[in-house]
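Participant: Below you'll find entry_39.txt; it's compact mmCIF, C-alpha atoms and all ligand atoms.
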```
# COMPACT_ATOMS: atom_id res chain seq x y z
CA MET A 1110 -37.39 39.81 53.60
CA ILE A 1111 -33.61 39.31 53.80
CA THR A 1112 -31.80 36.10 54.76
CA GLU A 1113 -28.30 34.68 54.31
CA ILE A 1114 -29.01 31.36 52.54
CA LEU A 1115 -32.05 30.24 50.56
CA ILE A 1116 -32.27 26.42 50.35
CA VAL A 1117 -34.34 24.94 47.52
CA GLY A 1118 -35.64 21.47 48.47
CA GLN A 1119 -36.50 19.79 51.77
CA GLY A 1120 -35.34 16.22 51.11
CA LEU A 1121 -32.48 14.69 53.10
CA ALA A 1122 -29.94 17.16 51.65
CA GLY A 1123 -31.96 20.37 52.16
CA THR A 1124 -33.38 19.41 55.58
CA THR A 1125 -30.03 18.33 56.98
CA LEU A 1126 -28.29 21.42 55.63
CA ALA A 1127 -31.01 23.61 57.15
CA MET A 1128 -30.60 22.00 60.56
CA GLN A 1129 -26.79 22.25 60.43
CA LEU A 1130 -27.06 25.95 59.44
CA HIS A 1131 -29.41 26.41 62.40
CA GLN A 1132 -26.84 24.80 64.71
CA ALA A 1133 -24.11 27.08 63.25
CA GLU A 1134 -26.45 30.10 63.72
CA ILE A 1135 -26.47 31.01 60.01
CA PRO A 1136 -29.79 32.58 58.91
CA PHE A 1137 -31.64 30.63 56.21
CA LEU A 1138 -35.02 29.90 54.60
CA VAL A 1139 -36.19 26.71 52.87
CA ILE A 1140 -38.46 26.53 49.80
CA ASP A 1141 -39.98 23.13 49.05
CA ASP A 1142 -42.68 21.54 46.97
CA PRO A 1143 -42.70 17.93 48.23
CA THR A 1144 -44.59 16.62 45.18
CA ILE A 1145 -41.61 17.13 42.82
CA SER A 1146 -39.35 14.32 44.16
CA ARG A 1147 -40.15 11.62 46.72
CA SER A 1148 -36.74 9.98 46.96
CA SER A 1149 -36.06 10.90 50.59
CA ARG A 1150 -39.62 10.19 51.64
CA VAL A 1151 -39.77 6.65 50.28
CA ALA A 1152 -36.19 5.70 51.29
CA ALA A 1153 -35.71 2.80 53.69
CA GLY A 1154 -33.35 5.03 55.68
CA LEU A 1155 -30.72 2.34 56.28
CA PHE A 1156 -27.28 3.32 57.48
CA ASN A 1157 -24.65 0.66 57.29
CA PRO A 1158 -20.84 0.93 57.28
CA VAL A 1159 -20.23 -2.03 54.93
CA VAL A 1160 -20.51 -2.06 51.14
CA PHE A 1161 -21.47 -5.74 50.88
CA ARG A 1162 -20.97 -6.00 47.13
CA ARG A 1163 -17.22 -5.38 47.58
CA MET A 1164 -16.93 -6.13 51.32
CA ASN A 1165 -15.34 -2.70 51.84
CA LEU A 1166 -16.10 -0.07 54.41
CA GLY A 1167 -18.02 2.86 52.88
CA TRP A 1168 -16.46 6.22 51.99
CA ARG A 1169 -15.59 8.16 55.21
CA THR A 1170 -17.67 5.71 57.27
CA ASP A 1171 -15.73 6.18 60.48
CA GLU A 1172 -16.36 9.94 60.36
CA CYS A 1173 -19.89 9.89 58.90
CA LEU A 1174 -21.52 7.25 61.14
CA PRO A 1175 -20.92 8.87 64.55
CA GLU A 1176 -21.78 12.32 63.18
CA ALA A 1177 -25.00 10.96 61.65
CA ILE A 1178 -26.17 9.31 64.87
CA SER A 1179 -25.39 12.30 67.08
CA PHE A 1180 -26.96 14.67 64.51
CA TYR A 1181 -30.25 12.73 64.25
CA GLN A 1182 -30.39 12.41 68.03
CA SER A 1183 -29.93 16.18 68.36
CA ILE A 1184 -32.83 16.77 65.94
CA GLU A 1185 -34.93 14.27 67.91
CA ALA A 1186 -34.25 16.43 70.98
CA ILE A 1187 -35.19 19.67 69.15
CA THR A 1188 -38.38 18.30 67.60
CA GLY A 1189 -39.46 15.92 70.37
CA LYS A 1190 -39.92 13.08 67.82
CA SER A 1191 -38.17 9.71 67.62
CA PHE A 1192 -36.92 8.52 64.21
CA CYS A 1193 -33.30 7.30 64.59
CA HIS A 1194 -32.93 3.57 65.33
CA PRO A 1195 -29.30 2.37 65.70
CA ILE A 1196 -30.36 -1.27 66.17
CA GLY A 1197 -27.78 -3.14 64.03
CA LEU A 1198 -28.62 -5.47 61.14
CA HIS A 1199 -28.36 -9.11 60.24
CA ARG A 1200 -26.42 -9.81 57.03
CA ILE A 1201 -27.36 -12.94 55.09
CA HIS A 1202 -24.19 -13.91 53.21
CA GLY A 1203 -24.66 -14.19 49.45
CA SER A 1204 -22.00 -16.84 48.77
CA ASP A 1205 -19.24 -18.95 50.29
CA ASP A 1206 -16.71 -16.40 49.05
CA GLU A 1207 -18.52 -13.63 50.88
CA ARG A 1208 -18.60 -15.65 54.12
CA GLN A 1209 -14.88 -16.33 53.85
CA LEU A 1210 -14.11 -12.69 53.09
CA TRP A 1211 -16.20 -11.73 56.12
CA GLU A 1212 -14.08 -13.95 58.37
CA THR A 1213 -10.91 -12.45 56.83
CA ARG A 1214 -12.17 -8.91 57.45
CA MET A 1215 -12.74 -9.86 61.11
CA GLN A 1216 -8.96 -10.01 61.44
CA GLU A 1217 -8.36 -6.58 59.85
CA ASP A 1218 -7.94 -3.23 61.60
CA GLY A 1219 -11.04 -1.09 61.81
CA TRP A 1220 -13.57 -3.83 61.06
CA LEU A 1221 -14.19 -5.07 64.61
CA ASN A 1222 -15.99 -1.77 65.34
CA HIS A 1223 -18.60 -2.83 62.81
CA ILE A 1224 -19.00 -6.58 62.21
CA GLU A 1225 -19.19 -9.76 64.26
CA SER A 1226 -18.48 -13.40 63.44
CA SER A 1227 -20.95 -15.65 61.57
CA GLU A 1228 -22.02 -17.79 64.57
CA PRO A 1229 -25.38 -16.16 65.49
CA ALA A 1230 -26.74 -16.83 61.99
CA LEU A 1231 -27.43 -20.42 62.96
CA LYS A 1232 -30.06 -19.22 65.44
CA LYS A 1233 -32.34 -17.59 62.86
CA PRO A 1234 -34.51 -20.30 61.31
CA TRP A 1235 -36.92 -17.71 59.77
CA PHE A 1236 -34.27 -17.03 57.07
CA LYS A 1237 -33.00 -19.37 54.35
CA GLN A 1238 -29.24 -18.98 54.79
CA PRO A 1239 -27.26 -21.50 52.73
CA PHE A 1240 -24.10 -19.47 53.36
CA ASP A 1241 -24.94 -18.34 56.94
CA GLY A 1242 -25.08 -14.74 58.05
CA ALA A 1243 -23.74 -12.41 60.73
CA PRO A 1244 -24.43 -9.15 62.60
CA VAL A 1245 -23.30 -5.63 61.66
CA HIS A 1246 -23.78 -3.93 64.99
CA SER A 1247 -23.04 -0.32 63.96
CA ALA A 1248 -25.90 -0.27 61.40
CA GLY A 1249 -29.49 0.93 61.83
CA PHE A 1250 -32.13 3.06 60.18
CA VAL A 1251 -33.69 6.49 60.24
CA SER A 1252 -37.40 6.69 59.51
CA THR A 1253 -36.91 9.39 56.87
CA LEU A 1254 -40.60 10.21 56.55
CA GLU A 1255 -40.74 10.96 60.27
CA TYR A 1256 -37.42 12.87 60.26
CA LEU A 1257 -38.48 15.08 57.34
CA GLY A 1258 -41.98 15.50 58.80
CA ALA A 1259 -40.66 16.50 62.24
CA ALA A 1260 -38.18 18.95 60.70
CA ARG A 1261 -40.92 20.36 58.44
CA ILE A 1262 -43.18 21.12 61.42
CA TRP A 1263 -40.25 22.72 63.26
CA LEU A 1264 -39.25 24.83 60.21
CA LYS A 1265 -42.87 25.97 59.77
CA ASP A 1266 -43.17 26.91 63.44
CA GLN A 1267 -40.00 29.05 63.10
CA ASN A 1268 -41.32 30.66 59.86
CA LEU A 1269 -38.37 29.18 57.97
CA LEU A 1270 -40.30 27.19 55.34
CA ILE A 1271 -42.05 28.40 52.20
CA GLU A 1272 -44.24 25.78 50.54
CA ALA A 1273 -43.85 26.56 46.84
CA ALA A 1274 -42.29 25.31 43.62
CA PHE A 1275 -39.17 27.30 42.75
CA ARG A 1276 -38.91 28.29 39.07
CA TYR A 1277 -35.37 29.02 37.86
CA GLU A 1278 -36.55 31.99 35.81
CA ASP A 1279 -37.85 33.69 38.98
CA LEU A 1280 -34.32 34.05 40.41
CA ASN A 1281 -33.16 37.63 39.90
CA CYS A 1282 -29.36 37.88 39.76
CA SER A 1283 -29.04 41.46 38.55
CA GLU A 1284 -28.66 43.06 41.99
CA PRO A 1285 -25.89 42.66 44.62
CA LEU A 1286 -28.13 40.24 46.55
CA LEU A 1287 -29.95 37.37 44.84
CA LYS A 1288 -33.72 37.85 44.80
CA TRP A 1289 -36.60 35.34 44.62
CA LYS A 1290 -40.02 37.00 44.80
CA ASP A 1291 -39.78 39.29 47.86
CA ILE A 1292 -36.87 37.39 49.44
CA GLN A 1293 -33.30 38.65 49.16
CA CYS A 1294 -30.37 36.42 50.07
CA ALA A 1295 -26.59 36.22 49.76
CA GLU A 1296 -26.55 32.61 48.47
CA VAL A 1297 -28.97 30.05 47.05
CA VAL A 1298 -28.26 26.33 47.61
CA PHE A 1299 -30.15 23.97 45.34
CA CYS A 1300 -30.93 20.65 47.11
CA GLU A 1301 -33.42 19.48 44.51
CA GLY A 1302 -32.48 15.82 44.10
CA TYR A 1303 -32.52 14.34 40.58
CA LYS A 1304 -34.09 17.56 39.21
CA LEU A 1305 -30.58 19.04 39.22
CA ASN A 1306 -30.23 17.75 35.66
CA GLU A 1307 -32.75 20.43 34.59
CA ASN A 1308 -31.00 23.27 36.47
CA PRO A 1309 -29.56 25.84 34.02
CA TRP A 1310 -26.97 27.04 36.59
CA PHE A 1311 -25.17 23.67 36.59
CA PRO A 1312 -24.75 22.54 32.98
CA GLU A 1313 -21.48 20.75 33.80
CA VAL A 1314 -22.91 18.52 36.57
CA TYR A 1315 -24.72 15.40 35.42
CA LEU A 1316 -26.59 12.98 37.71
CA ASN A 1317 -27.41 9.40 36.70
CA PRO A 1318 -30.96 9.13 38.04
CA ALA A 1319 -31.34 5.68 39.64
CA LYS A 1320 -34.96 4.74 40.10
CA GLY A 1321 -35.65 2.45 43.07
CA GLU A 1322 -38.76 0.54 44.09
CA LEU A 1323 -39.76 -0.80 47.53
CA LEU A 1324 -42.54 -2.89 49.05
CA ILE A 1325 -44.25 -2.72 52.41
CA ILE A 1326 -44.87 -6.30 53.54
CA GLU A 1327 -46.60 -7.85 56.53
CA ALA A 1328 -44.83 -10.89 58.01
CA PRO A 1329 -46.17 -11.79 61.49
CA ASP A 1330 -43.56 -14.54 62.09
CA LEU A 1331 -40.53 -12.36 61.28
CA PRO A 1332 -38.82 -10.70 64.30
CA GLN A 1333 -38.66 -6.89 64.15
CA GLU A 1334 -34.99 -6.60 63.14
CA ILE A 1335 -33.20 -5.36 60.02
CA PHE A 1336 -32.18 -8.09 57.59
CA ASN A 1337 -29.97 -7.57 54.56
CA GLY A 1338 -29.35 -10.12 51.83
CA LYS A 1339 -30.13 -9.79 48.15
CA VAL A 1340 -32.85 -7.42 49.38
CA TYR A 1341 -33.19 -5.77 52.80
CA GLY A 1342 -36.08 -5.47 55.23
CA VAL A 1343 -36.48 -2.63 57.72
CA PRO A 1344 -38.95 -3.12 60.61
CA LEU A 1345 -41.84 -0.64 60.77
CA GLY A 1346 -43.77 -2.05 63.74
CA ASN A 1347 -47.14 -3.88 63.49
CA HIS A 1348 -45.35 -6.86 61.85
CA GLN A 1349 -44.57 -4.69 58.82
CA PHE A 1350 -41.28 -4.24 56.93
CA ARG A 1351 -40.04 -1.93 54.20
CA VAL A 1352 -38.35 -4.18 51.64
CA GLY A 1353 -36.10 -3.01 48.83
CA SER A 1354 -34.76 -2.02 46.63
CA THR A 1355 -34.39 -2.20 42.87
CA TYR A 1356 -32.25 -0.20 40.43
CA THR A 1357 -33.38 1.13 37.06
CA TRP A 1358 -30.87 3.54 35.57
CA ASN A 1359 -31.51 6.81 33.73
CA GLN A 1360 -35.24 6.82 34.25
CA ASP A 1361 -36.88 10.01 35.41
CA HIS A 1362 -40.45 8.91 36.08
CA ALA A 1363 -41.14 7.61 39.56
CA GLU A 1364 -44.14 5.34 39.00
CA PRO A 1365 -43.90 1.86 40.63
CA THR A 1366 -43.97 -1.05 38.15
CA GLU A 1367 -45.45 -4.56 38.30
CA GLU A 1368 -42.16 -5.97 36.96
CA LYS A 1369 -40.06 -4.67 39.88
CA LYS A 1370 -42.73 -5.65 42.41
CA GLN A 1371 -42.49 -9.25 41.16
CA GLU A 1372 -38.68 -9.08 41.20
CA LEU A 1373 -38.74 -8.12 44.91
CA ILE A 1374 -41.34 -10.79 45.76
CA ASN A 1375 -39.32 -13.51 43.99
CA ILE A 1376 -36.15 -12.59 45.88
CA LEU A 1377 -38.00 -12.45 49.22
CA GLN A 1378 -39.48 -15.90 48.64
CA LYS A 1379 -35.95 -17.24 48.26
CA MET A 1380 -34.80 -15.52 51.48
CA LEU A 1381 -37.64 -16.07 53.95
CA ASN A 1382 -38.84 -19.26 55.62
CA VAL A 1383 -42.03 -17.53 56.83
CA PRO A 1384 -45.16 -16.29 55.00
CA PHE A 1385 -45.60 -12.62 54.02
CA LYS A 1386 -48.06 -10.47 52.11
CA VAL A 1387 -47.45 -7.26 50.17
CA ILE A 1388 -49.48 -4.32 51.41
CA ASP A 1389 -47.94 -1.37 49.53
CA HIS A 1390 -45.45 -0.48 46.80
CA PHE A 1391 -43.45 2.77 46.20
CA ALA A 1392 -40.80 4.21 43.90
CA GLY A 1393 -38.41 7.17 43.99
CA ILE A 1394 -35.39 8.45 42.07
CA ARG A 1395 -31.97 8.54 43.71
CA PRO A 1396 -29.67 11.42 42.68
CA THR A 1397 -26.54 9.42 41.83
CA VAL A 1398 -23.18 10.60 40.42
CA THR A 1399 -21.06 8.31 38.19
CA ASP A 1400 -18.05 8.48 40.54
CA ARG A 1401 -20.35 7.66 43.53
CA ARG A 1402 -19.44 10.86 45.39
CA PRO A 1403 -21.80 13.66 46.41
CA VAL A 1404 -21.35 17.15 45.02
CA PHE A 1405 -21.23 20.56 46.66
CA GLY A 1406 -20.05 23.90 45.34
CA PRO A 1407 -20.84 27.04 43.36
CA SER A 1408 -22.14 27.30 39.81
CA SER A 1409 -19.51 28.23 37.23
CA ILE A 1410 -22.05 30.79 35.93
CA HIS A 1411 -22.80 32.60 39.21
CA PRO A 1412 -20.55 32.32 42.31
CA ASP A 1413 -23.40 32.72 44.82
CA ILE A 1414 -25.55 29.90 43.45
CA TYR A 1415 -24.66 26.47 44.90
CA THR A 1416 -25.73 22.87 44.71
CA PHE A 1417 -25.63 20.17 47.41
CA ASN A 1418 -26.61 16.91 45.76
CA GLY A 1419 -25.51 13.45 44.60
CA LEU A 1420 -26.22 11.68 47.91
CA GLY A 1421 -27.02 8.59 45.84
CA THR A 1422 -27.82 5.48 47.88
CA LYS A 1423 -26.32 6.78 51.14
CA GLY A 1424 -28.12 10.03 51.91
CA VAL A 1425 -28.87 9.13 55.53
CA VAL A 1426 -25.31 8.51 56.62
CA LEU A 1427 -23.55 11.11 54.43
CA ALA A 1428 -25.82 14.15 54.76
CA PRO A 1429 -25.09 15.12 58.41
CA LEU A 1430 -21.27 15.31 58.14
CA LEU A 1431 -21.26 16.93 54.70
CA ALA A 1432 -23.91 19.48 55.72
CA LYS A 1433 -21.83 20.30 58.80
CA GLU A 1434 -18.75 20.87 56.60
CA ILE A 1435 -20.86 23.03 54.27
CA ALA A 1436 -22.07 25.12 57.23
CA GLN A 1437 -18.40 25.65 58.22
CA TYR A 1438 -17.63 26.64 54.62
CA PHE A 1439 -20.31 29.35 54.75
CA LEU A 1440 -19.40 30.40 58.29
CA ASN A 1441 -15.65 30.81 57.95
CA GLY A 1442 -14.54 29.63 54.50
CA THR A 1443 -13.30 26.16 55.57
CA PRO A 1444 -12.45 24.40 52.28
CA ILE A 1445 -14.64 21.53 51.08
CA PRO A 1446 -12.77 18.18 50.69
CA GLU A 1447 -11.81 17.64 47.04
CA ASP A 1448 -13.66 14.31 46.85
CA TYR A 1449 -17.05 15.98 46.71
CA ALA A 1450 -16.17 19.50 45.53
CA ILE A 1451 -17.96 20.59 42.36
CA GLU A 1452 -14.65 21.60 40.74
CA ARG A 1453 -14.09 17.97 39.68
CA PHE A 1454 -16.89 18.41 37.12
CA GLN A 1455 -15.59 21.69 35.82
CA TRP A 1456 -12.15 20.29 34.99
CA LYS A 1457 -13.10 16.70 34.16
CA PRO A 1458 -16.70 16.32 32.88
CA LEU A 1459 -18.11 12.88 33.74
CA HIS A 1460 -20.64 12.59 30.90
C1 LIG B 1501 -36.14 3.23 46.77
C2 LIG B 1501 -35.09 4.00 47.49
C3 LIG B 1501 -34.52 3.50 48.65
C4 LIG B 1501 -33.52 4.20 49.31
N1 LIG B 1501 -33.01 3.70 50.46
C5 LIG B 1501 -32.04 4.39 51.12
C6 LIG B 1501 -31.52 3.91 52.34
O1 LIG B 1501 -31.94 2.86 52.84
N2 LIG B 1501 -30.53 4.63 52.94
C7 LIG B 1501 -30.06 5.80 52.41
O2 LIG B 1501 -29.16 6.42 52.99
N3 LIG B 1501 -30.54 6.28 51.25
C8 LIG B 1501 -31.51 5.61 50.60
N4 LIG B 1501 -32.02 6.10 49.43
C9 LIG B 1501 -31.37 7.26 48.83
C10 LIG B 1501 -31.82 8.56 49.45
O3 LIG B 1501 -33.22 8.57 49.41
C11 LIG B 1501 -31.22 9.73 48.68
O4 LIG B 1501 -29.84 9.78 48.94
C12 LIG B 1501 -31.87 11.03 49.13
O5 LIG B 1501 -33.25 10.93 49.02
C13 LIG B 1501 -31.40 12.22 48.34
O6 LIG B 1501 -31.98 13.34 48.97
P1 LIG B 1501 -32.06 14.75 48.27
O7 LIG B 1501 -32.53 15.70 49.30
O8 LIG B 1501 -30.79 15.05 47.55
O9 LIG B 1501 -33.16 14.59 47.11
P2 LIG B 1501 -34.74 14.41 47.18
O10 LIG B 1501 -35.14 13.44 48.19
O11 LIG B 1501 -35.15 14.19 45.77
O12 LIG B 1501 -35.27 15.82 47.69
C14 LIG B 1501 -35.41 16.96 46.88
C15 LIG B 1501 -36.51 17.82 47.45
O13 LIG B 1501 -36.57 19.05 46.70
C16 LIG B 1501 -37.89 19.27 46.22
N5 LIG B 1501 -37.77 20.02 44.98
C17 LIG B 1501 -37.14 19.65 43.83
N6 LIG B 1501 -37.21 20.65 42.92
C18 LIG B 1501 -37.90 21.66 43.53
C19 LIG B 1501 -38.32 22.97 43.09
N7 LIG B 1501 -38.06 23.43 41.86
N8 LIG B 1501 -39.03 23.73 43.95
C20 LIG B 1501 -39.33 23.28 45.21
N9 LIG B 1501 -38.95 22.06 45.67
C21 LIG B 1501 -38.26 21.28 44.83
C22 LIG B 1501 -38.44 17.84 46.06
O14 LIG B 1501 -39.82 17.78 45.99
C23 LIG B 1501 -37.89 17.19 47.32
O15 LIG B 1501 -38.69 17.52 48.44
C24 LIG B 1501 -33.06 5.44 48.78
C25 LIG B 1501 -33.66 5.97 47.65
C26 LIG B 1501 -34.67 5.27 47.00
C27 LIG B 1501 -35.32 5.87 45.78
```
Could you show the structure in this file as structure tokens?
Facilitator:
Amino acid sequence: MITEILIVGQGLAGTTLAMQLHQAEIPFLVIDDPTISRSSRVAAGLFNPVVFRRMNLGWRTDECLPEAISFYQSIEAITGKSFCHPIGLHRIHGSDDERQLWETRMQEDGWLNHIESSEPALKKPWFKQPFDGAPVHSAGFVSTLEYLGAARIWLKDQNLLIEAAFRYEDLNCSEPLLKWKDIQCAEVVFCEGYKLNENPWFPEVYLNPAKGELLIIEAPDLPQEIFNGKVYGVPLGNHQFRVGSTYTWNQDHAEPTEEKKQELINILQKMLNVPFKVIDHFAGIRPTVTDRRPVFGPSSIHPDIYTFNGLGTKGVVLAPLLAKEIAQYFLNGTPIPEDYAIERFQWKPLH
């Protein structure tokens, strides 16, 4: 079998790249073993233009957000499933300083597209809000499990998915085309999440694996909206919410821990004025780069072997625009913006 691009991994990176290649009419196949990394499947799927810790707008937000929403809606149309929910979120301010900075930002160019004033916070007695709170109306969430599941069914129906674990030693690079088992291709793109650190083709790229844990809670008195304070809650229907998330750096086992479960419960108790009970608990490992930028480009060892990775904490909002740019790179050689080009590792190692 011959194809143009072989994608390894069907998380947010691999799935979104596959669907953008499909829209650019570039032939591809995807290989995935979903048991190797669950990051995309456990993710809360939030998209949100504001980095609350610094009260900045996120990297390329004004380009990424509209592309993300129109991309997910186009995949909803292809698959007939609904998973993209641009419903806004309610921010619970963390301090007086944050509230004041919020009001200052309201006066600045570009922010009015995203945030509103603090007034409506007063009408939400189910939260403890000593510093008030306010809406971010351009936020929302993608149910990643449903997005990846819908895309997986579609890929299978088109005979574009191979369910297998890819072993690096099975990639034959001695012929003009790359070869994996009976498949020949012009390029391989590894979208393997935090497992990139084990990939022999990319010794210069180093990810800081950031383990995250989440709870599923049931809270019948909490309205089905997204809240975001010291932790966030994403509505799942049936009075349930996905609540997260924690950070444990440089850990590459994805088992949930009692310690982080308690940490999330303690924070929630300080945020909510209504009862809740925990009904499930998950963990996953985010593929994070020290300079907080994704990475795309060829291996320095073989020019036809690529990686698309490093989506970190923002895979949902970043993947659609970057995957579209990558499709244009393969289609007609459009250069990749320097910010996330792999060359930055080759000239300036980050580890
Ligand atoms: C707790 C938590 C909460 C999060 N919340 C959010 C959020 O609210 N919003 C947001 O935007 N992001 C969030 N993220 C981050 C987001 O999940 C990541 O950006 C995203 O998952 C990265 O996707 P990926 O495709 O690069 O990697 P992964 O999701 O790890 O996908 C890699 C895929 O490749 C497969 N694979 C790996 N190696 C092989 C191999 N050798 N052969 C075959 N298959 C292989 C894996 O099994 C997997 O299917 C969260 C992450 C965590 C852990």
Participant: Between A:Glu1185, A:Glu1113, A:Asp1361, A:Asp1241, single out the one closest to ligand LIG 1501 (chain B), counting all atoms listed in the file.
Facilitator: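 Smallest separation from ligand LIG 1501 (chain B) among the options: A:Asp1361.
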Participant: Report the centre and edge lengths, in Å to one decimal, of an axis-aligned box enclosing every atom of ligand LIG 1501 (chain B) listed in the file, padded by 6 Å on each side, as JSON.
Facilitator:
```
{"center_x": -34.5, "center_y": 13.3, "center_z": 47.4, "size_x": 22.7, "size_y": 32.9, "size_z": 23.1}
```
Participant: Quick one: pull the distance between atom CA of A:Ser1146 and atom C20 of ligand LIG 1501 (chain B), Å, one decimal.
Facilitator: 9.0 Å
Participant: Have a look at A:Ile1292, A:Leu1254, A:Leu1345, A:Leu1420 and name the one nearest to ligand LIG 1501 (chain B); count only C-alpha atoms and all ligand atoms.
Facilitator: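 Closest to ligand LIG 1501 (chain B) of all the choices is A:Leu1420.
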Participant: Can you pull out the residues contacting A:Ile1445? Cut-off 7 Å, using all atoms listed in the file, and skip same-chain residues under 4 positions away; I want them as a list of chain:residue names.
Facilitator: A:Glu1434, A:Tyr1438, A:Ala1450
Participant: Could you produce a table of the residues of chain A lying within 6 Å of ligand LIG 1501 (chain B), with the nearest pair of atoms per residue and their separation in Å rounded to one decimal, using all atoms listed in the file, ordered by chain and increasing residue number, as JSON lines?
Facilitator:
```
{"residue": "A:Val1117", "atom": "CA", "partner": "B:LIG1501", "partner_atom": "N9", "distance": 5.7}
{"residue": "A:Gly1118", "atom": "CA", "partner": "B:LIG1501", "partner_atom": "O13", "distance": 3.1}
{"residue": "A:Gln1119", "atom": "CA", "partner": "B:LIG1501", "partner_atom": "O15", "distance": 4.6}
{"residue": "A:Gly1120", "atom": "CA", "partner": "B:LIG1501", "partner_atom": "O7", "distance": 3.4}
{"residue": "A:Leu1121", "atom": "CA", "partner": "B:LIG1501", "partner_atom": "O7", "distance": 3.9}
{"residue": "A:Ala1122", "atom": "CA", "partner": "B:LIG1501", "partner_atom": "O7", "distance": 3.8}
{"residue": "A:Gly1123", "atom": "CA", "partner": "B:LIG1501", "partner_atom": "O7", "distance": 5.5}
{"residue": "A:Ile1140", "atom": "CA", "partner": "B:LIG1501", "partner_atom": "C20", "distance": 5.7}
{"residue": "A:Asp1141", "atom": "CA", "partner": "B:LIG1501", "partner_atom": "N9", "distance": 3.7}
{"residue": "A:Asp1142", "atom": "CA", "partner": "B:LIG1501", "partner_atom": "N9", "distance": 4.0}
{"residue": "A:Pro1143", "atom": "CA", "partner": "B:LIG1501", "partner_atom": "O14", "distance": 3.7}
{"residue": "A:Thr1144", "atom": "CA", "partner": "B:LIG1501", "partner_atom": "O14", "distance": 5.0}
{"residue": "A:Ile1145", "atom": "CA", "partner": "B:LIG1501", "partner_atom": "O14", "distance": 3.7}
{"residue": "A:Ser1146", "atom": "CA", "partner": "B:LIG1501", "partner_atom": "O14", "distance": 3.9}
{"residue": "A:Arg1147", "atom": "CA", "partner": "B:LIG1501", "partner_atom": "O10", "distance": 5.5}
{"residue": "A:Ser1148", "atom": "CA", "partner": "B:LIG1501", "partner_atom": "O10", "distance": 4.0}
{"residue": "A:Ser1149", "atom": "CA", "partner": "B:LIG1501", "partner_atom": "O5", "distance": 3.2}
{"residue": "A:Ala1152", "atom": "CA", "partner": "B:LIG1501", "partner_atom": "C4", "distance": 3.6}
{"residue": "A:Ala1153", "atom": "CA", "partner": "B:LIG1501", "partner_atom": "O1", "distance": 3.9}
{"residue": "A:Gly1154", "atom": "CA", "partner": "B:LIG1501", "partner_atom": "O1", "distance": 3.8}
{"residue": "A:Leu1155", "atom": "CA", "partner": "B:LIG1501", "partner_atom": "O1", "distance": 3.7}
{"residue": "A:Phe1156", "atom": "CA", "partner": "B:LIG1501", "partner_atom": "N2", "distance": 5.7}
{"residue": "A:Ala1273", "atom": "CA", "partner": "B:LIG1501", "partner_atom": "C20", "distance": 5.8}
{"residue": "A:Ala1274", "atom": "CA", "partner": "B:LIG1501", "partner_atom": "N8", "distance": 3.6}
{"residue": "A:Phe1275", "atom": "CA", "partner": "B:LIG1501", "partner_atom": "N8", "distance": 3.8}
{"residue": "A:Arg1276", "atom": "CA", "partner": "B:LIG1501", "partner_atom": "N7", "distance": 5.7}
{"residue": "A:Cys1300", "atom": "CA", "partner": "B:LIG1501", "partner_atom": "O8", "distance": 5.6}
{"residue": "A:Glu1301", "atom": "CA", "partner": "B:LIG1501", "partner_atom": "C17", "distance": 3.8}
{"residue": "A:Gly1302", "atom": "CA", "partner": "B:LIG1501", "partner_atom": "O9", "distance": 3.3}
{"residue": "A:Tyr1303", "atom": "CA", "partner": "B:LIG1501", "partner_atom": "O11", "distance": 5.8}
{"residue": "A:Lys1304", "atom": "CA", "partner": "B:LIG1501", "partner_atom": "N6", "distance": 5.7}
{"residue": "A:Lys1320", "atom": "CA", "partner": "B:LIG1501", "partner_atom": "C27", "distance": 5.8}
{"residue": "A:Gly1321", "atom": "CA", "partner": "B:LIG1501", "partner_atom": "C1", "distance": 3.8}
{"residue": "A:Glu1322", "atom": "CA", "partner": "B:LIG1501", "partner_atom": "C1", "distance": 4.6}
{"residue": "A:Leu1323", "atom": "CA", "partner": "B:LIG1501", "partner_atom": "C1", "distance": 5.5}
{"residue": "A:Ser1354", "atom": "CA", "partner": "B:LIG1501", "partner_atom": "C1", "distance": 5.4}
{"residue": "A:Ala1392", "atom": "CA", "partner": "B:LIG1501", "partner_atom": "C1", "distance": 5.6}
{"residue": "A:Gly1393", "atom": "CA", "partner": "B:LIG1501", "partner_atom": "C27", "distance": 3.8}
{"residue": "A:Ile1394", "atom": "CA", "partner": "B:LIG1501", "partner_atom": "C27", "distance": 4.5}
{"residue": "A:Arg1395", "atom": "CA", "partner": "B:LIG1501", "partner_atom": "C27", "distance": 4.8}
{"residue": "A:Pro1396", "atom": "CA", "partner": "B:LIG1501", "partner_atom": "C13", "distance": 6.0}
{"residue": "A:Asn1418", "atom": "CA", "partner": "B:LIG1501", "partner_atom": "O8", "distance": 4.9}
{"residue": "A:Leu1420", "atom": "CA", "partner": "B:LIG1501", "partner_atom": "O4", "distance": 4.2}
{"residue": "A:Gly1421", "atom": "CA", "partner": "B:LIG1501", "partner_atom": "O4", "distance": 4.4}
{"residue": "A:Thr1422", "atom": "CA", "partner": "B:LIG1501", "partner_atom": "C9", "distance": 4.1}
{"residue": "A:Lys1423", "atom": "CA", "partner": "B:LIG1501", "partner_atom": "O2", "distance": 3.4}
{"residue": "A:Gly1424", "atom": "CA", "partner": "B:LIG1501", "partner_atom": "O4", "distance": 3.4}
{"residue": "A:Val1425", "atom": "CA", "partner": "B:LIG1501", "partner_atom": "O2", "distance": 3.7}
{"residue": "A:Val1426", "atom": "CA", "partner": "B:LIG1501", "partner_atom": "O2", "distance": 5.7}
```
Participant: Between A:Ala1328, A:Ile1335, A:Ala1127, A:Ala1319, which is the closest to A:His1362 once you count only C-alpha atoms?
Facilitator: A:Ala1319
